[in-house]
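Trainee: If you scroll down you'll find the structure; I have some questions about it.
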Amino acid sequence: MRDNVLKRLEDTLRSLSHSEEALKKIREFSGDLRDTKERMALFNADGAIVRSPIQTEQTRELGFDGEDDHFVLLQGDVVSTESGYFLGERITGNPKYVVLNSSCDLVPNRRKCASLARVKEVRESEEKTGAKLDLLLRFKRSDSMYLPVLPNDRPEVLCNVIDFDGICQIQSGHLMLANRIASLSLVGWRMFASFSRFVLTRANPREAEMRQAIEQHSGAGSS
Amino acid sequence: MSPTIVRQSPPQWSLKSSTTKWNIELTPGPYWTSFEQFRRGGQSVLDEIHPGCVGTLRSKTATFRILRDEDFQRLVGLASDVNRLKHGFTLVLQAVKVAHKHPEEDTFKLLFDSVSLLGDSPVLPERDGHGEFEIDEGDNSETDADSIKASEVPRPSLK
């Protein structure tokens, strides 16, 4: 009885929990655009992926004024802080990050720590900038999401990259004091979630087969 | 039998680990004796607050310090490191108390070890920035964008 119920749950989750569909759709969408310049024009447009930081006053005016609607930061916000740590080292030099935590965890005094994804810059002086832009704007690397150059970035910056390879940590109290540079637009937020979910839950199809086999084997062994 | 080649895996920490080169050397900047005086000055008075400089606004109710965000973030970052150091010193203090109360070989060893922990690392590790975004040989990319200059890239204004 218990095994049947859990099997039904597993059947239901199979196409949902480790799905790569969202990332595939993003790649297909970008692949249909003509070239790098066209992709850049679309994704760099004002409000396309990034927008000015969403303020709680703005959302309150639109009727989101309940107790749970108040926020200081939102998931996907681009911030700058010198209080983030990566592998035990504090990152200095005015580094940028994107907030990984769900917005509901970013309320003051709710969580002690928060997770950040590093934002790297691609600069004109680097090698292979054309290849990098092509790679990023077609979203071909699952650990790197394209982010447009931001208004206060230095003149030599071509674009930004959200790096999902390695997560940084910060105390929530310090994160609340970070400089909010931008929020993600609705579609930018959905793209960001597609990447984060893929990075955290990606699975080789063989793994599902392997787990199924080991459970069947264990079941046969115990009966 | 061919000699075994021992491959050393790269360190997990940054090779650029350093300690901060930034000292808390904030210098006094503009001083306003009322909010009205500050307001009348407009944007130009804020431009007088250069990096490393602190403006002071004295209102009827309180005194406010105004500084650039980059300086503020550095101060908050240093404060978080100070917190880390405080934990280290707490450990040493506890070891001192235990050694004082129970002057035995084991407690002195504990004290010695805890002091050594701090002594081995008199500075806290930092790294400057996130480094470069790199692509691998295996990344299948075309190079139709080689001619794009940063000055030609459209920047969202975020207004």
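Each chain in the structure tokens gets a letter, A, B and so on, in the order shown; residues start at 1 in every chain, and ligands are counted from 1 in the order they appear.
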If the cut-off is 6 Å, can you tell me the residues of chain B near chain A, counting only C-alpha atoms? I'd like them as a PyMOL selection string.

Mentor: chain B and resi 73-74+77+125-129+141-143+145-146+150+155-159

Trainee: Identify, with DSSP run on backbone atoms, the residues in chain A assigned to helix (DSSP H, G or I), and express the list as a PyMOL selection string.

Mentor: chain A and resi 2-17+21-31+36-43+56-61+67-69+103-105+129-137+172-175+186-201+205-222

Trainee: With a distance cut-off of 12 Å and only C-alpha atoms, select the neighbouring residues of Arg197 of chain A, excluding the residue or stretch itself and same-chain residues fewer than 4 positions from it, and output the selection as a ChimeraX atom specification.

Mentor: /A:16-23,100-101,142-143,164,190-193,201-203

Trainee: Export, as a short mmCIF file (atom, residue, chain, number, x, y, z; two decimals), in the first residue's frame, the selected residues with C-alpha atoms.

Mentor:
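Heads up, here's the output in part25.cif:
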data_model
loop_
_atom_site.label_atom_id
_atom_site.label_comp_id
_atom_site.auth_asym_id
_atom_site.auth_seq_id
_atom_site.Cartn_x
_atom_site.Cartn_y
_atom_site.Cartn_z
CA LEU A 16 8.52 18.03 -12.93
CA SER A 17 11.31 17.74 -10.37
CA HIS A 18 14.36 17.49 -12.66
CA SER A 19 12.95 18.99 -15.81
CA GLU A 20 15.31 20.73 -18.25
CA GLU A 21 12.42 22.04 -20.32
CA ALA A 22 12.63 25.65 -19.16
CA LEU A 23 16.30 25.99 -20.10
CA LEU A 100 19.54 33.43 -4.82
CA ASN A 101 17.18 33.13 -1.86
CA SER A 142 23.99 26.02 -17.99
CA ASP A 143 26.20 27.47 -15.24
CA PHE A 164 26.22 29.53 -10.83
CA ARG A 190 11.78 33.37 -14.69
CA MET A 191 14.95 32.84 -16.72
CA PHE A 192 17.04 33.15 -13.54
CA ALA A 193 14.84 30.59 -11.77
CA THR A 201 18.63 19.70 -9.51
CA ARG A 202 20.21 18.69 -12.80
CA ALA A 203 20.36 14.93 -13.16
#

Trainee: Mind pulling up the distance from atom CA of Ala117 of chain A to atom CA of Leu137 of chain A?

Mentor: 18.6 Å

Trainee: Quick check, in Å to one decimal: how far apart do atom CA of Cys113 of chain A and atom CA of Ser80 of chain B lie?

Mentor: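 Interatomic distance, atom CA of Cys113 of chain A to atom CA of Ser80 of chain B: 12.7 Å.
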
Trainee: In Å to one decimal, how far is atom CA of Gln216 of chain A from atom CA of Ser15 of chain A?

Mentor: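 One can read the atom CA of Ser15 of chain A to atom CA of Gln216 of chain A distance as 20.4 Å.
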